[in-house]
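Structure, as structure tokens:
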Amino acid sequence: MTAFLDSVGYTGWVLHALVWLPVLGLGLVLASDEARAKTVAFWWSLGVMVLSLGLWWAFDISEPGFQMVSTTPWIESWGVSYSLGIDGISLFMVMLTTFSTSIAILGSFNYIKKHERAFYSLMLLLEAGVVGVFVATDVFLFYVFFELTLVPMYFIVGVWGGKRRIYAAIKFFLYTAFGSLLMLVGILYLFWRAKNVLGVPTFAYEDFLIIGLTGTEQLWLFIAFALAFSVKVPVFPLHTWLPDAHVEAPTPGSVILAAVLLKMGTYGFIRFLLPLFPDAAAHPTVVSTMLVLGVIGILYTAWVAAVQPDAKKLVAYTSVAHMGFVVLGIFALTVNGLQGGLIVMISHGISTGALFLLLGMMYERRHTREISDFGGLARVAPWLATAFVITALASIGLPGTSGFVGEFLALLGTFETHPIIAIVATLGVIFAAYYMLPMVQKVFFNKLETSENREVADVTGREIAILAPLCALMIWIGWNPTPLLERMEPSVRAVIERVEGGAGLGNAPDVADLLSVLEAGSVDGTPRTEVEPLVDDPPLLEEAD
Amino acid sequence: MELDFSRQLHYWWALLPEIVLCVWGMVVLVAGVSGKHAPGAADPDEGGDPSFSGGADLGWLALVGVLGAAMANGWLYGVHEVGNTSMIAIDGFRLFSNWIFLVAAALTILISFSYVYRQRLQAGEFYGLILLASAGMMFMAGARDLIVVFLGLEVMSISVYALTAFNRRDKKSAEAGLKYFLLGAFATGFLLYGIALVYGATGSTNIAVIGEIVSGGTASPRLLAVGIALLTIGFGFKVSAVPFHMWTPDVYEGAPAPVTAFMSASVKAAAFVAFLRVFVVAFDSVHELWYPILWWLAALTMVAANLMALAQSNVKRMLAYSSIAHAGYLLVAVAAANENAAAGLLFYLFVYTLMNIGAFAVVIGVAQHGEEKLQIEDYSGFGWRHPLVGVALTIFLLSLAGFPGTGGFMGKIYLLQGAADSQLWYLMVILVLTTVASYWYYLRVAWYMWMRDSASSESETAYFSPLPMQLALIVTVALILYTGLFPGQAIDFARASVEGLGTWSR
């Protein structure tokens, strides 16, 4: 396989292809007619997915940094370049994106009834944007892709969504835009610093790593970046947009949202927060704040999920809980924790995506999502029930499924550094059973009472094609996570070493400075007025003197 | 060619684009009254094609004038001047600004065809005034003397007053014209008084000479401070900065839609470039004196305008408030007053001209006979009925909101970079936070267009777009995407244009 990939120069062009082929597909979808749009989009996205599979073999396991790097100047006078690369952290995110997109497109065949061409082209545009986010190694380019994903998602929710779709779409948009624009100021601050330190304008990720930020700077930038990513994840208490967006989005929209869009937030944590601001990220106050927020997210949303009458809303809340485990794993700042976080990201993408698809299938049959409307479906639709149970168990984190591996590692990693938090968070796994299993019971196993439920058909061939790979992946990762872990490990280890080593490349980080800031105001995402500003304002007056 | 301004004749060469525009403006005026022109009709089905009848010939004629001025402007790149104390500058800053005015004039003329036709306006006077106003703007951009700034401002303003009140069958238009004229005259008074005081303090009206005297410290400080304050008010009015913005929404709403597009793009651009040149060249050494005022002016403008725009249900009025908000973003660049900020200002003005006129072009197309269907509800389901125009309007809105992939995004980044160079972090945060607010009202149009079904078949808006309008849409969309995806050249061009404008010591 590797020999074949080398013979076609795979590593040279694959990342470009993964970003731009979906855009090309968008053109094809628009050029085809309304009836054929979905088949064109599906086969095209499947092709992109197959193409991305080669990454599995072409990826060099021993390399911790970026590989398959290619850099072309884009805006030279600003030092912006179109540069792509992939490492152990983004590898699986890219594959998850291409996989979920094609699955989501296949899952929307019956669901999307109007403006099909527009819908499928937006899906492909979204795919291009998300892949771009994961492979961009230029921070400016990353930001462009990060923002670009908002537009297609806004329209997907707003045009094809449910009754309150416009409200959900605009809420989603404003929340995320609020966070990311503050990050933009942070990026421009980094750019300005890099320009002064290095003497040339640059937005390259590697350059931002070596500018030697002081503790105070790191803290403020950490807040700006963390806010942007926390909204996206979402971290409690910034999560309120998520249930609305998930419930109102059409099935494929929910799938993409859960499977990959949320991961952009946690990916940002790992890619930017930890390596760029290591002293801030490793500071005990910051770490405990993030860990506590993660735990609150796990426990609180588990309780909220348990009382939801609407199955889709329930699953939406479980997303927040799962992402809480990811946050926990990341801010444990151990190799195990970070790897666990990454596996939860993958596992959540697969299992929650599958849950949304299953709920979509049930909605197509019964036109309701109320848990109480269902009952005893296992008798009439045994295969649907089987798939649902496997997925639900993976979502809970039963040993032998992907969910277990991730949550176990994340908790293990947290236990190494913060045992009490890990113990409290473990309750979340129990709560997961508490909200998920009663739902499964009510929907599939109680009495088959109503006539509508008796007529529910079992899965069709297309639906099997959707569910089979998802279930297979959940079990395969559950039994054999080693190939994934060994690919992640070098990059993860590099991140952890970077955090432990601090930013001490240029100037020595001023930890005392950081401490004084932390004592003056707490780090909860809101800048306190009494804290000394980064740069006294107006600075120009001083310079003029 | 080298121009030595000690020889009066050389001014003719230096002013070639302005002269071409002025002369051609008269030609269009005379052609309008002398020839026979078939009248337009309210309904395009009744008469001929608005692209070629009902005053269209005069429109095309005016475009030829713009083209001529553009050629003259291009020719000026090969010209060098001796010294820098002449009345009129020949530098990149002026020439880049001229491109903005020329593009704006051309686009305005293109989007006016159907409006002039359907409202049966006097085409000759309409297009002639647009050319004359553009000439006034060019004087402002090139002025190295406060008196020339004032003259340019007056030529521009008086033409635009007339244009605002041009649709005399429409009460709102007349009201807007009167309002603009009265308040504008008042503001001009401030500006003139400011010029007088600055002259009193320094003994010169030449910007470069003032700059030397001010940095030498021989100027009377109090007189100078009051003079600068009055100039700030005068310019603040023209760029419609809060709290001098009161006229803007009413005038923009009442004026004929193409004139509103023209005003919100070019008039603002002209005021900004003159603002920047005067403050950067003449008052650079007393930056600390006026910088706090501009800081607050920018902050106030961004916050107030974006908040007020949230509540608008009339699209034209929403775009008026949005243009005030953009003035706020641009004021950040003036406050920063460094090389990147100045280049960012030029770049942003160029992109803003494109996206704003583009958005107005669609509004005109939707607005039926002229001033109907301006409510946001009228756009319900519009996108699905007219997908191409819908996509174009969506691109304009995303660009106005500053979204990646559009020129508006790159412009905003450029402005922010300029602010970062002067370390205006708080102002940057205000800028991005108010941008979040602006997403709401820009996207609201998008959600009506794409996410709502039209309430009834009656409200289904007929969209009318003759050939020149389509041309304008294609050009604006293409340039917005070009500056958004490949901004390198435009950035370098803007950057090269501000070289040598100020000392750029900051």
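By order in the structure tokens, chains are A, B, ...; within a chain, residues start at 1; ligands start at 1, following the order shown.
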
Pull out every residue of chain A sitting within 6 Å of chain B, counting only C-alpha atoms, and send them as a PDB file with C-alpha atoms, in the first residue's frame.
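Result written to iface_9.pdb:
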```pdb
ATOM      1  CA  ILE A  75      -0.313  37.343   0.926  1.00  0.00           C
ATOM      2  CA  VAL A 144     -10.120  31.894   7.472  1.00  0.00           C
ATOM      3  CA  GLY A 158     -31.509  28.044   8.825  1.00  0.00           C
ATOM      4  CA  VAL A 159     -32.969  26.785   5.553  1.00  0.00           C
ATOM      5  CA  PHE A 178     -18.289  36.340  19.128  1.00  0.00           C
ATOM      6  CA  LEU A 181     -13.495  37.495  16.593  1.00  0.00           C
ATOM      7  CA  LEU A 541       1.440  59.420  24.324  1.00  0.00           C
TER       8      LEU A 541
END
```

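All residues of protein, DNA or RNA that reach within 8 Å of Leu209 in chain A, judged by only C-alpha atoms and not counting those fewer than 2 positions away in the chain, are Tyr205, Glu206, Asp207, Ile211, Gly212, Pro275, Leu276 and Ala503 of chain A.
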
### Task
Quick one: everything within 8 Å of Leu191 in chain B, counting only C-alpha atoms, minus sequence neighbours fewer than 4 positions away in the same chain. Send it as an MDAnalysis selection string.
chainID B and resid 150 187 195 230:235

Next, dump the selected residues to file, keeping only C-alpha atoms, as a PDB file, in the first residue's frame.
```pdb
ATOM      1  CA  PHE B 150     -12.457  73.521   1.198  1.00  0.00           C
ATOM      2  CA  ALA B 187     -20.651  71.803   9.155  1.00  0.00           C
ATOM      3  CA  ILE B 195      -9.096  76.492   8.691  1.00  0.00           C
ATOM      4  CA  LEU B 230     -13.250  72.530  14.586  1.00  0.00           C
ATOM      5  CA  LEU B 231     -11.659  70.690  11.668  1.00  0.00           C
ATOM      6  CA  THR B 232     -12.466  67.407  13.388  1.00  0.00           C
ATOM      7  CA  ILE B 233     -16.104  68.458  13.657  1.00  0.00           C
ATOM      8  CA  GLY B 234     -16.205  69.494  10.025  1.00  0.00           C
ATOM      9  CA  PHE B 235     -14.701  66.241   8.805  1.00  0.00           C
TER      10      PHE B 235
END
```

### Shortest interatomic distance to Thr318 in chain A - which of A:Leu5, A:Ala226, A:Val499, A:Val304, counting only C-alpha atoms
A:Val304

### Message
Taking 6 positions as the minimum chain separation for residues in the same chain, which residues sit within 12 Å of Gly78 in chain B when counting only C-alpha atoms? Answer as a PyMOL selection string.
### Response
chain B and resi 1-3+13-14+71-72+90-92+95

### Task
May I have the residues within 8 Å of range 465-468 of chain B as a PyMOL selection string, using only C-alpha atoms and disregarding those fewer than 4 positions away in the same chain?
chain B and resi 49-51+110-111+113-114+365+472

Would you mind exporting N, CA and C atoms of the selected residues as an mmCIF file, in the first residue's frame?
```
data_model
loop_
_atom_site.group_PDB
_atom_site.id
_atom_site.type_symbol
_atom_site.label_atom_id
_atom_site.label_comp_id
_atom_site.auth_asym_id
_atom_site.auth_seq_id
_atom_site.Cartn_x
_atom_site.Cartn_y
_atom_site.Cartn_z
ATOM 1 N N ASP B 49 -35.886 49.671 -23.834
ATOM 2 C CA ASP B 49 -34.959 49.081 -22.892
ATOM 3 C C ASP B 49 -34.217 50.198 -22.151
ATOM 4 N N PRO B 50 -34.254 50.214 -20.816
ATOM 5 C CA PRO B 50 -33.580 51.283 -20.073
ATOM 6 C C PRO B 50 -32.088 51.327 -20.308
ATOM 7 N N SER B 51 -31.530 50.231 -20.852
ATOM 8 C CA SER B 51 -30.095 50.266 -21.099
ATOM 9 C C SER B 51 -29.766 51.186 -22.266
ATOM 10 N N LEU B 110 -23.723 53.181 -13.632
ATOM 11 C CA LEU B 110 -24.270 51.914 -14.133
ATOM 12 C C LEU B 110 -25.552 51.526 -13.398
ATOM 13 N N ILE B 111 -25.584 51.736 -12.096
ATOM 14 C CA ILE B 111 -26.786 51.311 -11.371
ATOM 15 C C ILE B 111 -27.888 52.357 -11.434
ATOM 16 N N PHE B 113 -29.136 53.636 -14.295
ATOM 17 C CA PHE B 113 -29.885 53.585 -15.561
ATOM 18 C C PHE B 113 -31.367 53.329 -15.354
ATOM 19 N N SER B 114 -31.651 52.248 -14.623
ATOM 20 C CA SER B 114 -33.060 51.889 -14.512
ATOM 21 C C SER B 114 -33.796 52.889 -13.634
ATOM 22 N N GLY B 365 -32.746 47.264 -7.670
ATOM 23 C CA GLY B 365 -33.444 46.293 -8.505
ATOM 24 C C GLY B 365 -34.735 45.822 -7.865
ATOM 25 N N ALA B 472 -22.672 46.045 -13.407
ATOM 26 C CA ALA B 472 -22.168 46.545 -12.123
ATOM 27 C C ALA B 472 -22.077 45.408 -11.114
#
```

### Task
Determine the nearest neighbour of Gln339 in chain A from the options A:Pro234, A:Gly413, A:Pro73, A:Gly85, counting only C-alpha atoms.
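Of all the options, A:Gly413 lies closest to Gln339 in chain A.
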
### Near-Val139 in chain A list (10 Å; only C-alpha atoms; drop same-chain fewer than 4 positions) as a list in words
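The residues that qualify are Val80, Ser81, Tyr82, Ser83, Val133, Tyr143, Val144, Phe145, Leu184, Ile187, Leu188, Leu190, Phe191, Thr202, Phe203, Ala204, Tyr205, Glu206, Phe208 and Phe272 of chain A.
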
Just N, CA and C atoms for this one: save the residues we selected as a PDB file, in the first residue's frame.
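So the final result, stored in part35.pdb, reads:
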```
ATOM      1  N   VAL A  80       1.521  35.924   5.087  1.00  0.00           N
ATOM      2  CA  VAL A  80       0.542  34.849   5.136  1.00  0.00           C
ATOM      3  C   VAL A  80       0.884  33.849   4.051  1.00  0.00           C
ATOM      4  N   SER A  81       0.882  32.579   4.408  1.00  0.00           N
ATOM      5  CA  SER A  81       1.126  31.600   3.366  1.00  0.00           C
ATOM      6  C   SER A  81       0.029  30.537   3.395  1.00  0.00           C
ATOM      7  N   TYR A  82      -0.189  29.972   2.222  1.00  0.00           N
ATOM      8  CA  TYR A  82      -1.121  28.853   2.129  1.00  0.00           C
ATOM      9  C   TYR A  82      -0.289  27.628   2.447  1.00  0.00           C
ATOM     10  N   SER A  83      -0.259  27.245   3.723  1.00  0.00           N
ATOM     11  CA  SER A  83       0.600  26.122   4.067  1.00  0.00           C
ATOM     12  C   SER A  83      -0.207  25.067   4.812  1.00  0.00           C
ATOM     13  N   VAL A 133      -9.508  23.634   8.251  1.00  0.00           N
ATOM     14  CA  VAL A 133      -9.204  23.959   9.645  1.00  0.00           C
ATOM     15  C   VAL A 133      -8.176  22.992  10.202  1.00  0.00           C
ATOM     16  N   TYR A 143      -7.636  30.623  10.614  1.00  0.00           N
ATOM     17  CA  TYR A 143      -8.754  31.479  10.996  1.00  0.00           C
ATOM     18  C   TYR A 143      -9.754  31.621   9.846  1.00  0.00           C
ATOM     19  N   VAL A 144      -9.233  31.764   8.634  1.00  0.00           N
ATOM     20  CA  VAL A 144     -10.120  31.894   7.472  1.00  0.00           C
ATOM     21  C   VAL A 144     -11.018  30.664   7.361  1.00  0.00           C
ATOM     22  N   PHE A 145     -10.424  29.477   7.465  1.00  0.00           N
ATOM     23  CA  PHE A 145     -11.224  28.258   7.374  1.00  0.00           C
ATOM     24  C   PHE A 145     -12.184  28.139   8.549  1.00  0.00           C
ATOM     25  N   LEU A 184      -9.421  36.616  16.896  1.00  0.00           N
ATOM     26  CA  LEU A 184      -8.761  37.346  15.808  1.00  0.00           C
ATOM     27  C   LEU A 184      -7.869  38.448  16.378  1.00  0.00           C
ATOM     28  N   ILE A 187      -4.863  36.778  17.574  1.00  0.00           N
ATOM     29  CA  ILE A 187      -3.969  36.389  16.480  1.00  0.00           C
ATOM     30  C   ILE A 187      -3.188  37.601  15.989  1.00  0.00           C
ATOM     31  N   LEU A 188      -3.884  38.726  15.887  1.00  0.00           N
ATOM     32  CA  LEU A 188      -3.192  39.923  15.398  1.00  0.00           C
ATOM     33  C   LEU A 188      -2.171  40.415  16.418  1.00  0.00           C
ATOM     34  N   LEU A 190      -0.443  38.363  18.307  1.00  0.00           N
ATOM     35  CA  LEU A 190       0.689  37.461  18.071  1.00  0.00           C
ATOM     36  C   LEU A 190       1.471  37.894  16.839  1.00  0.00           C
ATOM     37  N   PHE A 191       0.729  38.275  15.806  1.00  0.00           N
ATOM     38  CA  PHE A 191       1.356  38.730  14.558  1.00  0.00           C
ATOM     39  C   PHE A 191       2.231  39.948  14.826  1.00  0.00           C
ATOM     40  N   THR A 202       4.794  37.611   9.829  1.00  0.00           N
ATOM     41  CA  THR A 202       4.550  36.183   9.649  1.00  0.00           C
ATOM     42  C   THR A 202       3.321  35.753  10.422  1.00  0.00           C
ATOM     43  N   PHE A 203       2.608  34.806   9.846  1.00  0.00           N
ATOM     44  CA  PHE A 203       1.489  34.197  10.546  1.00  0.00           C
ATOM     45  C   PHE A 203       1.736  32.701  10.749  1.00  0.00           C
ATOM     46  N   ALA A 204       2.953  32.255  10.462  1.00  0.00           N
ATOM     47  CA  ALA A 204       3.214  30.815  10.506  1.00  0.00           C
ATOM     48  C   ALA A 204       3.161  30.299  11.939  1.00  0.00           C
ATOM     49  N   TYR A 205       2.545  29.159  12.097  1.00  0.00           N
ATOM     50  CA  TYR A 205       2.375  28.557  13.418  1.00  0.00           C
ATOM     51  C   TYR A 205       3.723  28.356  14.106  1.00  0.00           C
ATOM     52  N   GLU A 206       4.705  27.848  13.369  1.00  0.00           N
ATOM     53  CA  GLU A 206       6.010  27.595  13.970  1.00  0.00           C
ATOM     54  C   GLU A 206       6.646  28.880  14.483  1.00  0.00           C
ATOM     55  N   PHE A 208       5.080  31.494  15.601  1.00  0.00           N
ATOM     56  CA  PHE A 208       4.398  31.939  16.815  1.00  0.00           C
ATOM     57  C   PHE A 208       4.890  31.163  18.035  1.00  0.00           C
ATOM     58  N   PHE A 272      -3.464  25.016  19.607  1.00  0.00           N
ATOM     59  CA  PHE A 272      -3.047  26.395  19.853  1.00  0.00           C
ATOM     60  C   PHE A 272      -2.869  26.721  21.329  1.00  0.00           C
TER      61      PHE A 272
END
```
